[in-house]
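Coordinates from model_28.tsv are shown below (TSV, C-alpha atoms).
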chain	number	residue	atom	x	y	z
A	1	MET	CA	0.00	0.00	0.00
A	2	SER	CA	1.34	3.41	-0.88
A	3	GLN	CA	2.21	5.61	2.00
A	4	PRO	CA	-0.47	8.28	2.37
A	5	ILE	CA	1.81	10.74	4.09
A	6	GLN	CA	5.31	11.86	3.25
A	7	ILE	CA	7.69	12.58	6.11
A	8	THR	CA	10.87	14.15	4.77
A	9	ASP	CA	14.31	13.07	5.96
A	10	ASN	CA	14.74	16.38	7.77
A	11	ALA	CA	11.47	15.87	9.61
A	12	GLN	CA	12.38	12.28	10.49
A	13	GLU	CA	15.74	13.39	11.89
A	14	TYR	CA	14.13	16.13	13.93
A	15	LEU	CA	11.40	13.83	15.25
A	16	ALA	CA	13.94	11.10	15.98
A	17	GLU	CA	15.88	13.60	18.13
A	18	LEU	CA	12.72	14.61	19.98
A	19	LEU	CA	11.81	10.98	20.55
A	20	ALA	CA	15.30	10.17	21.83
A	21	LYS	CA	14.94	12.94	24.42
A	22	GLN	CA	11.83	11.24	25.80
A	23	ASN	CA	13.98	8.30	26.90
A	24	VAL	CA	11.23	5.78	26.31
A	25	GLU	CA	12.11	2.52	24.60
A	26	GLY	CA	10.00	2.02	21.47
A	27	ILE	CA	8.37	5.47	21.52
A	28	ALA	CA	6.81	6.46	18.21
A	29	VAL	CA	4.93	9.35	16.65
A	30	ARG	CA	1.18	9.20	16.12
A	31	ILE	CA	-0.49	11.37	13.50
A	32	PHE	CA	-4.19	12.06	13.54
A	33	ILE	CA	-6.63	14.72	12.44
A	34	THR	CA	-9.19	16.26	14.74
A	35	GLN	CA	-12.54	17.02	13.08
A	36	PRO	CA	-11.39	15.60	9.73
A	37	GLY	CA	-13.45	16.61	6.74
A	38	THR	CA	-14.54	19.93	8.24
A	39	PRO	CA	-13.17	23.45	7.86
A	40	TYR	CA	-11.86	23.09	11.43
A	41	ALA	CA	-9.67	20.06	10.76
A	42	GLU	CA	-6.32	20.19	12.54
A	43	THR	CA	-3.50	17.78	11.83
A	44	CYS	CA	-1.79	16.68	15.04
A	45	LEU	CA	1.47	14.93	15.84
A	46	ALA	CA	1.80	13.34	19.25
A	47	TYR	CA	4.24	11.15	21.10
A	48	CYS	CA	3.02	7.60	21.22
A	49	ARG	CA	4.47	5.40	23.93
A	50	PRO	CA	4.26	1.64	23.45
A	51	GLY	CA	0.65	0.61	24.06
A	52	GLU	CA	-0.78	4.06	23.42
A	53	GLU	CA	-1.51	3.37	19.78
A	54	GLU	CA	-4.97	2.16	18.77
A	55	PRO	CA	-5.29	-1.40	17.45
A	56	SER	CA	-6.70	-0.01	14.19
A	57	ASP	CA	-3.81	2.42	13.64
A	58	GLU	CA	-1.71	1.89	10.55
A	59	ARG	CA	1.97	1.50	11.39
A	60	LEU	CA	4.65	2.99	9.17
A	61	ASP	CA	8.22	1.92	9.82
A	62	LEU	CA	10.34	4.69	8.35
A	63	ASP	CA	14.13	4.84	8.25
A	64	LYS	CA	14.52	6.77	11.48
A	65	ILE	CA	11.17	6.61	13.26
A	66	THR	CA	7.98	4.63	13.60
A	67	VAL	CA	4.73	6.43	12.88
A	68	TYR	CA	1.19	5.39	13.67
A	69	LEU	CA	-1.60	6.83	11.55
A	70	GLU	CA	-5.08	6.92	13.00
A	71	LYS	CA	-7.38	4.85	10.79
A	72	ASN	CA	-10.09	7.52	10.40
A	73	SER	CA	-7.52	10.12	9.45
A	74	ILE	CA	-5.81	8.15	6.69
A	75	ALA	CA	-8.11	9.25	3.83
A	76	PHE	CA	-7.62	12.85	4.94
A	77	LEU	CA	-3.82	12.47	5.09
A	78	GLU	CA	-3.54	11.76	1.35
A	79	GLU	CA	-0.70	13.89	-0.06
A	80	ALA	CA	0.19	15.23	3.38
A	81	VAL	CA	3.80	16.25	3.89
A	82	VAL	CA	5.61	16.63	7.19
A	83	ASP	CA	8.76	18.67	6.78
A	84	PHE	CA	11.30	20.38	8.98
A	85	ASN	CA	12.95	23.65	8.00
A	86	ALA	CA	16.00	24.48	10.05
A	87	ASP	CA	16.62	28.15	10.69
A	88	ARG	CA	18.55	30.33	13.09
A	89	MET	CA	15.87	29.93	15.74
A	90	GLY	CA	16.18	26.17	15.64
A	91	GLY	CA	13.64	25.43	12.99
A	92	GLN	CA	10.04	24.62	12.44
A	93	LEU	CA	8.17	21.41	11.82
A	94	THR	CA	5.48	21.98	9.22
A	95	ILE	CA	2.57	19.73	8.34
A	96	LYS	CA	0.78	20.36	5.10
A	97	ALA	CA	-2.31	18.22	4.74
A	98	PRO	CA	-4.23	19.55	1.73
A	99	ASN	CA	-6.95	16.95	2.15
A	100	ALA	CA	-7.48	17.18	5.91
A	101	LYS	CA	-10.53	19.37	5.52
A	102	MET	CA	-11.99	17.07	2.97
A	103	PRO	CA	-10.75	13.92	1.29
A	104	LYS	CA	-9.71	14.00	-2.32
A	105	VAL	CA	-12.50	14.51	-4.76
A	106	ASN	CA	-12.81	13.44	-8.35
A	107	ALA	CA	-15.01	14.30	-11.31
A	108	ASP	CA	-17.81	12.13	-9.94
A	109	SER	CA	-17.90	13.82	-6.55
A	110	PRO	CA	-20.87	16.10	-5.86
A	111	LEU	CA	-20.45	19.64	-7.18
A	112	GLU	CA	-20.54	21.01	-3.64
A	113	ASP	CA	-17.66	18.76	-2.54
A	114	ARG	CA	-15.59	19.80	-5.52
A	115	VAL	CA	-16.17	23.51	-4.90
A	116	ASN	CA	-15.28	23.04	-1.23
A	117	TYR	CA	-12.20	21.08	-2.17
A	118	VAL	CA	-10.87	23.89	-4.38
A	119	LEU	CA	-11.68	26.45	-1.68
A	120	TYR	CA	-9.92	24.48	1.04
A	121	SER	CA	-6.96	23.19	-0.93
A	122	GLU	CA	-6.17	26.07	-3.26
A	123	ILE	CA	-7.89	29.29	-2.31
A	124	ASN	CA	-8.06	29.48	1.49
A	125	PRO	CA	-4.39	28.66	2.13
A	126	GLY	CA	-3.47	31.82	0.21
A	127	LEU	CA	-5.98	33.91	2.14
A	128	ALA	CA	-4.98	32.56	5.53
A	129	ALA	CA	-1.98	34.89	5.53
A	130	HIS	CA	-4.42	37.80	5.51
A	131	GLY	CA	-6.68	36.23	8.10
A	132	GLY	CA	-9.32	35.56	5.50
A	133	GLU	CA	-11.24	32.52	4.49
A	134	ILE	CA	-14.03	31.76	2.07
A	135	ARG	CA	-16.83	29.33	2.77
A	136	LEU	CA	-19.40	27.89	0.42
A	137	MET	CA	-22.84	28.76	1.78
A	138	GLN	CA	-24.89	27.14	-0.94
A	139	LEU	CA	-25.17	26.29	-4.60
A	140	THR	CA	-28.12	27.81	-6.44
A	141	GLU	CA	-30.09	25.91	-9.05
A	142	GLU	CA	-28.19	27.83	-11.70
A	143	ASN	CA	-24.93	26.40	-10.29
A	144	ILE	CA	-23.86	29.72	-8.83
A	145	ALA	CA	-21.71	29.21	-5.76
A	146	VAL	CA	-22.80	31.55	-3.00
A	147	LEU	CA	-19.67	32.27	-0.98
A	148	GLN	CA	-19.06	33.96	2.30
A	149	PHE	CA	-15.87	35.95	2.49
A	150	GLY	CA	-14.82	35.86	6.12
A	151	GLY	CA	-12.07	37.12	8.35
A	152	GLY	CA	-9.76	39.71	6.86
A	153	CYS	CA	-11.57	39.68	3.54
A	154	GLN	CA	-14.79	41.07	4.89
A	155	GLY	CA	-15.41	44.73	4.44
A	156	CYS	CA	-12.22	45.09	2.45
A	157	ALA	CA	-12.87	47.42	-0.46
A	158	ALA	CA	-10.66	45.38	-2.72
A	159	VAL	CA	-12.54	42.18	-1.95
A	160	ASP	CA	-14.73	42.54	-5.01
A	161	ILE	CA	-12.04	42.99	-7.54
A	162	THR	CA	-9.19	40.89	-6.28
A	163	LEU	CA	-10.92	38.02	-4.64
A	164	LYS	CA	-14.00	37.66	-6.70
A	165	ASP	CA	-12.11	37.68	-9.96
A	166	GLY	CA	-9.36	35.41	-8.74
A	167	VAL	CA	-11.62	33.06	-6.84
A	168	GLU	CA	-14.19	32.86	-9.62
A	169	LYS	CA	-11.51	32.20	-12.21
A	170	THR	CA	-9.91	29.43	-10.15
A	171	LEU	CA	-13.22	27.81	-9.22
A	172	VAL	CA	-14.65	27.87	-12.73
A	173	GLU	CA	-11.39	26.50	-14.15
A	174	ARG	CA	-11.33	23.64	-11.65
A	175	VAL	CA	-15.07	23.00	-11.58
A	176	PRO	CA	-16.29	23.72	-15.12
A	177	GLU	CA	-19.98	23.10	-14.32
A	178	LEU	CA	-19.96	26.12	-12.06
A	179	ALA	CA	-21.70	29.12	-13.63
A	180	GLY	CA	-20.04	31.66	-11.37
A	181	ILE	CA	-19.90	32.91	-7.82
A	182	ARG	CA	-21.82	35.34	-5.70
A	183	ASP	CA	-20.84	36.86	-2.41
A	184	VAL	CA	-23.38	36.64	0.43
A	185	THR	CA	-22.03	39.92	1.77
A	186	ASP	CA	-22.80	41.60	-1.53
A	187	HIS	CA	-25.41	44.10	-0.42
A	188	THR	CA	-25.77	45.72	-3.81
A	189	ASP	CA	-27.43	42.52	-4.84
A	190	ASP	CA	-31.03	42.56	-3.70
A	191	THR	CA	-31.60	38.88	-4.37
A	192	ASN	CA	-30.63	38.10	-0.82
A	193	ALA	CA	-33.79	36.09	-0.50
A	194	TYR	CA	-31.78	32.96	-1.13
A	195	TYR	CA	-31.00	32.31	2.49
A	196	ARG	CA	-32.69	29.08	3.33
Since I need it in another form, could you write the structure as structure tokens?
Amino acid sequence: MSQPIQITDNAQEYLAELLAKQNVEGIAVRIFITQPGTPYAETCLAYCRPGEEEPSDERLDLDKITVYLEKNSIAFLEEAVVDFNADRMGGQLTIKAPNAKMPKVNADSPLEDRVNYVLYSEINPGLAAHGGEIRLMQLTEENIAVLQFGGGCQGCAAVDITLKDGVEKTLVERVPELAGIRDVTDHTDDTNAYYR
């Protein structure tokens, strides 16, 4: 079976050092996702002493460390990468799990899942730096995605031009059936009767 998650050599070395400091024979790392498949998914790494793993965990024996993956998290860990970037401050362990918030979708997945997937995997990571995020509120019968621009994007005068154009372009490219997007916070639009 192909390994769902990639743990770079740097990350393995760093984790192996941390594990060695615990002074526990056979200690491993356990990776799991809290609230997988939701916008609030968080990927977690924890120490796992012998016996702390779950019987259903999948065990990965890597060159330098042993990793347990929680069974329910595995689908959401597809394409995840754990890396370690050394810097003057000591360095930082990073976990990128593009599918944590929702598992991979394909052309047969429901339109809503595909729109969400593009939002979570491609669009929101870029907005996170500005404290913004976009959520799909609903799809209209005309296949218009009604989006809520949240966080730092709200009330920003440039939201219309920059985000809408960029987001619409990306979404329509990735999800061709989509007719376009509309912003729930768009008060110039008096068709706000579409709240269910």
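Proximity to Val81 in chain A was assessed for A:Val118, A:Ala41, A:Ile31, A:Ile7 counting all atoms listed in the file; the smallest distance is recorded for A:Ile7.
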| remark: Of A:Ser73, A:Ser121, A:Asn85, A:Thr170, the one nearest to Asp9 in chain A when counting all atoms listed in the file is A:Asn85
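Each of A:Glu25, A:Asp113, A:Glu70, A:Glu168 was checked against Thr43 in chain A using only C-alpha atoms; the smallest atom-to-atom distance is that of A:Glu70.
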| field | Residue contacts of Asn99 in chain A (9 Å, all atoms listed in the file) excluding same-chain residues fewer than 3 positions away, as a ChimeraX atom specification | value | /A:36-37,75-80,96,102-104,117,120-121
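In this comparison, which uses all atoms listed in the file, the residue of A:Gln3, A:Gln92, A:Gln12, A:Thr34 approaching Glu58 in chain A most closely is A:Gln3.
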| request: List every protein, DNA or RNA residue that has at least one atom no more than 7 Å from (3.8, 20.5, 8.3) in the file's coordinates, counting only C-alpha atoms, and write the result as a ChimeraX atom specification. | output: /A:81-83,93-96
| remark: One decimal place gives the CA of Leu139 in chain A-CA of Ala179 in chain A separation as 10.1 Å
| task | Have a look at A:Cys48, A:Leu62, A:Leu119, A:Ile27 and name the one nearest to Glu13 in chain A; count all atoms listed in the file. | result |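 Closest candidate: A:Leu62.
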| query | Can you tell me how far CA of Thr38 in chain A sits from CA of Ala100 in chain A, in Å to one decimal? | reply | 7.9 Å
| field | Two-atom distance - CA of Val172 in chain A, CA of Asn116 in chain A (Å) | value |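 It comes out at 12.5 Å.
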| note | Residue with the minimum atom-to-atom distance to Leu45 in chain A, picked from A:Ala128, A:Leu15, A:Ile134, A:Ala20 with all atoms listed in the file counted, is A:Leu15
| Once you count only C-alpha atoms, which residues end up no further than 7 Å from (-22.8, 32.2, -3.0) in the file's frame, shown as a list in words? |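 These residues have at least one counted atom within 7 Å: Leu136, Met137, Gln138, Leu139, Ile144, Ala145, Val146, Leu147, Gln148, Ile181, Arg182, Asp183 and Val184 of chain A.
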Kindly reconstruct range 25-38 of chain A with N, CA and C atoms and present the result as a short mmCIF file (atom, residue, chain, number, x, y, z; two decimals), in the coordinates of the input.
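Final file, part-v5.cif:
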data_model
loop_
_atom_site.label_atom_id
_atom_site.label_comp_id
_atom_site.auth_asym_id
_atom_site.auth_seq_id
_atom_site.Cartn_x
_atom_site.Cartn_y
_atom_site.Cartn_z
N GLU A 25 11.82 3.57 25.58
CA GLU A 25 12.11 2.52 24.60
C GLU A 25 10.89 2.31 23.71
N GLY A 26 11.10 2.34 22.38
CA GLY A 26 10.00 2.02 21.47
C GLY A 26 9.00 3.14 21.26
N ILE A 27 9.33 4.36 21.70
CA ILE A 27 8.37 5.47 21.52
C ILE A 27 8.26 5.82 20.03
N ALA A 28 7.06 6.17 19.62
CA ALA A 28 6.81 6.46 18.21
C ALA A 28 6.07 7.79 18.10
N VAL A 29 5.72 8.14 16.89
CA VAL A 29 4.93 9.35 16.65
C VAL A 29 3.57 8.89 16.14
N ARG A 30 2.51 9.53 16.61
CA ARG A 30 1.18 9.20 16.12
C ARG A 30 0.62 10.44 15.44
N ILE A 31 0.07 10.24 14.26
CA ILE A 31 -0.49 11.37 13.50
C ILE A 31 -1.99 11.14 13.35
N PHE A 32 -2.74 12.17 13.67
CA PHE A 32 -4.19 12.06 13.54
C PHE A 32 -4.75 13.43 13.22
N ILE A 33 -5.98 13.45 12.78
CA ILE A 33 -6.63 14.72 12.44
C ILE A 33 -7.86 14.86 13.32
N THR A 34 -7.98 16.01 13.98
CA THR A 34 -9.19 16.26 14.74
C THR A 34 -10.20 16.90 13.80
N GLN A 35 -11.44 16.53 13.93
CA GLN A 35 -12.54 17.02 13.08
C GLN A 35 -12.20 16.91 11.59
N PRO A 36 -11.74 15.73 11.15
CA PRO A 36 -11.39 15.60 9.73
C PRO A 36 -12.61 15.85 8.86
N GLY A 37 -12.37 16.40 7.67
CA GLY A 37 -13.45 16.61 6.74
C GLY A 37 -14.29 17.85 7.04
N THR A 38 -13.83 18.68 7.97
CA THR A 38 -14.54 19.93 8.24
C THR A 38 -13.56 21.08 8.07
#
